[in-house]
Amino acid sequence: MAASVDGFFDEYGGKYVAEVLRRPLDELETAFRKYMADKEFLAELELIRRDYIGRETPLYFAPTATRLLGGAQIYIKLEGLANTGAHKINNAIGQCLLAKRMGKKRIIAETGAGQHGLATAAACAKLGLDCTVYMGEVDVRRQQPNVAAMELYGAKVFPVRSGSRTLKDAVNEAMRDWAAHPDDTHYVLGSALGPAPFPDIVREFQSVIGKEVKRQCKERNIQIGAMVACVGGGSNSIGFFSPFIDQKEPRLIGAEAGGIGDGVGQNASRMTGNASREGIVQGYKSRFLIDEDGQSLPTRSISAGLDYMGIGPQLAALGSSGRVEFTAIRDTEALEAVRFFARNEGILFALESAHAGAAAIKIAKEISPDKAIIINMSGRGDKDVFITSPVFRPKSWLQFLHAEIERLEAAKDIHDAAVMSEKKE
C-alpha cells in the first residue's frame with residue numbers, strides 16, 4: 001500500500017470537497033505527477049535537501065539508553081538536526097518548490113505545534129514566496145518561540161479564534177482561504193491527510209526519512225526489530241515507515257497522544273481506545289474523534305502537534321490491516337521520555353517525538369539484543385520550553401517570568417519617557 005488507488009487506501013481517503021476546491025486539487029495532482037518524473041525538478045530538490053535542509057540526518061546509536069533499558073539496541077533518527085528543527089521542512093520545501101514550478105506566488109499553511117508553519121515560512125523565505133500561516137489561538141499562546149521565528153522569516157501568522165482554536169480550526173481557515181484564492185495560491189498541507197492527492201504528496205516528500213534509515217541500516221548491518229514514530233496526522237510516521245510498509249518486518253509502531261486519561265476530551269487517540277468513528281471530515285474519509293452527528297469532540301495532549309482529531313487515511317488503513325501497531329502514550333510518559341533521553345543521551349526530544357521515545361522505552365525488552373529499535377526523533381524540544389519548564393523547574397521558571405515582566409515594563413517606561421521628551425523638544 002505504497003500509494004493510493006484513485007485517492008483511496010482501502011476504504012479510507014478520497015476527495016470529498018466542494019466543487020470550488022476540486023479544480024485546484026486536480027491541478028495539483030497533475031503537477032505533482034509531472035514533476036516527480038522531471039529529472040531537473042528532482043535534482044533541484046536533492047540539492048536543496050543536501051545544502052539547505054542538511055540531509056542526510058544521522059542515525060545515532062544510543063548506548064546508555066540501550067544499557068539502561070535492556071533488550072534491543074536503541075537507535076535514534078535525528079530529524080531534529082534538520083534545518084528548522086524538525087522533519088516538517090522535508091514536505092514544506094518539496095511542496096513550495098512544486099508550487100513555484102506551478103507559477104504560484106502565495107503560500108498558505110496550517111500549523112499546530114508550529115513546526116510546519118516554521119518550516120513553510122523558512123521555505124517561502126528561501127524560494128521568494130509570500131507566506132500566510134493559520135494557527136489556533138490556543139497553540140499561538142503555547143508555542144510562542146515558533147510564532148516569533150515564523151514572523152522573523154516574514155510570514156504573516158493569523159491566530160484562529162473559532163471552534164476549539166487548535167489545529168482542526170487552523171485547517172478549516174486555510175481551506176477557506178485556498179477556496180477563495182486558487183489561482184495564485186497553494187495550500188501547503190502539513191500532514192499526510194486531507195483530500196487526495198495530499199496524503200500521497202506528503203508521504204512522498206517525507207519518505208526521504210525512511211529511505212535514509214533503510215540505507216543507513218544496510219550500510220551498518222543493523223537488523224531492525226521495530227520502528228517507532230509519534231502519530232498526530234501522520235507525516236513523520238508515514239514517511240519513516242514508507243519503505244517498509246510492504247514488508248512483513250520490522251514491526252511498525254505509532255505512538256498516539258494518550259493525554260491525561262481514557263475519557264472523551266482527555267486524549268487524542270484515534271486508533272486506540274473506543275472513542276473514534278469512521279467519518280468524512282475536512283475532505284477525506286478516516287477515523288476521527290467525532291460524535292454521532294459528525295461534530296468534532298474535544299481533544300487533549302501536552303504536545304500541540306498531536307491533538308488533531310483525525311489521522312491520515314493511509315495510517316488508518318494500515319492500522320485496520322494490522323501492519324501498523326498503535327499505542328497511546330500519556331502526557332506523563334512523554335515528559336519522562338524527554339527527561340530520560342536528555343539526561344542519558346544529551347538529546348532533547350520535542351514533546352511529540354517523546355511519545356515515540358516513551359513507546360520505545362515500553363517495548364525495549366520485547367526485542368532481542370541482536371536487533372534494533374529505531375526511534376524517529378521527528379523534532380527538537382527547544383520549542384517546548386514554555387511547556388516543559390513549568391513542569392521540570394516551576395520555581396525558577398516563575399521567577400524568570402516575573403523578572404521578564406519587570407524588565408519589559410521598565411523598558412516600556414524608558415521608551416515612553418523618551419517619546420515624551422522628543423515631543424517636548
# chains A, B, ... in the order shown; residues from 1 in each chain; ligands from 1
>>> residues_around(residues="region 367-384 of chain A", least_positions_apart="5", cutoff="8 Å", atoms="only C-alpha atoms", output="PyMOL selection string")
chain A and resi 70-81+85-87+143+145-146+222-230+236-237+240+348-354+356-357+360
>>> select_by_dssp(residues="region 115-336 of chain A", states="strand (DSSP E)", output="PyMOL selection string")
chain A and resi 130-136+156-160+185-187+224-230+251-259+277-281+284-288+324-330
>>> write_last_selection(atoms="C-alpha atoms", output="compact mmCIF listing (two decimals), in the first residue's frame")
# COMPACT_ATOMS: atom_id res chain seq x y z
CA ASP A 130 4.62 35.12 0.12
CA CYS A 131 3.58 33.15 3.22
CA THR A 132 0.49 33.15 5.44
CA VAL A 133 0.16 30.71 8.35
CA TYR A 134 -3.08 29.88 10.18
CA MET A 135 -2.60 28.76 13.78
CA GLY A 136 -5.15 28.13 16.51
CA LYS A 156 2.01 36.52 8.45
CA VAL A 157 0.64 34.46 11.35
CA PHE A 158 -3.15 34.56 11.83
CA PRO A 159 -4.49 33.33 15.20
CA VAL A 160 -7.69 31.33 14.59
CA THR A 185 -2.21 30.42 -4.02
CA HIS A 186 -1.03 26.95 -3.00
CA TYR A 187 -2.01 25.35 0.30
CA ILE A 224 15.68 -3.68 12.64
CA GLY A 225 13.25 -5.23 15.09
CA ALA A 226 10.88 -2.29 15.37
CA MET A 227 10.42 1.27 14.16
CA VAL A 228 8.58 3.76 16.36
CA ALA A 229 7.18 7.19 15.49
CA CYS A 230 4.66 9.56 17.01
CA ARG A 251 7.25 -4.03 13.50
CA LEU A 252 5.89 -0.55 12.79
CA ILE A 253 4.57 1.22 15.88
CA GLY A 254 2.67 4.50 16.02
CA ALA A 255 2.51 6.41 19.31
CA GLU A 256 -0.66 8.47 19.72
CA ALA A 257 -1.45 11.12 22.31
CA GLY A 258 -2.93 9.39 25.37
CA GLY A 259 -3.24 12.74 27.14
CA ARG A 277 -15.50 6.72 14.50
CA GLU A 278 -15.21 6.45 10.77
CA GLY A 279 -16.25 9.66 9.12
CA ILE A 280 -15.68 12.16 6.35
CA VAL A 281 -14.14 15.35 7.71
CA TYR A 284 -11.30 12.81 3.36
CA LYS A 285 -12.53 9.61 4.98
CA SER A 286 -10.67 8.26 8.00
CA ARG A 287 -11.03 7.68 11.72
CA PHE A 288 -11.89 10.77 13.77
CA VAL A 324 1.00 -0.68 11.93
CA GLU A 325 0.51 -1.18 15.67
CA PHE A 326 -0.76 1.78 17.69
CA THR A 327 -0.24 2.63 21.33
CA ALA A 328 -1.45 5.56 23.45
CA ILE A 329 1.20 7.43 25.44
CA ARG A 330 0.15 9.58 28.40
>>> closest_residue(among="A:Asp38, A:Glu56, A:Asp293, A:Asp307", to="Thr166 (chain A)", atoms="only C-alpha atoms")
A:Asp307
>>> select_by_dssp(residues="region 204-374 of chain A", states="alpha helix (DSSP H)", output="NGL selection string")
:A and (204-220 or 235-241 or 313-321 or 331-345 or 351-363)
>>> atom_distance(atom1="CA of Leu21 (chain A)", atom2="CA of Ala179 (chain A)")
5.6 Å
>>> closest_residue(among="A:Lys100, A:Lys88, A:Lys39, A:Lys105", to="Gly117 (chain A)", atoms="only C-alpha atoms")
A:Lys88
>>> closest_residue(among="A:Leu69, A:Ala122, A:Ile238, A:Pro195", to="Glu366 (chain A)", atoms="only C-alpha atoms")
A:Leu69
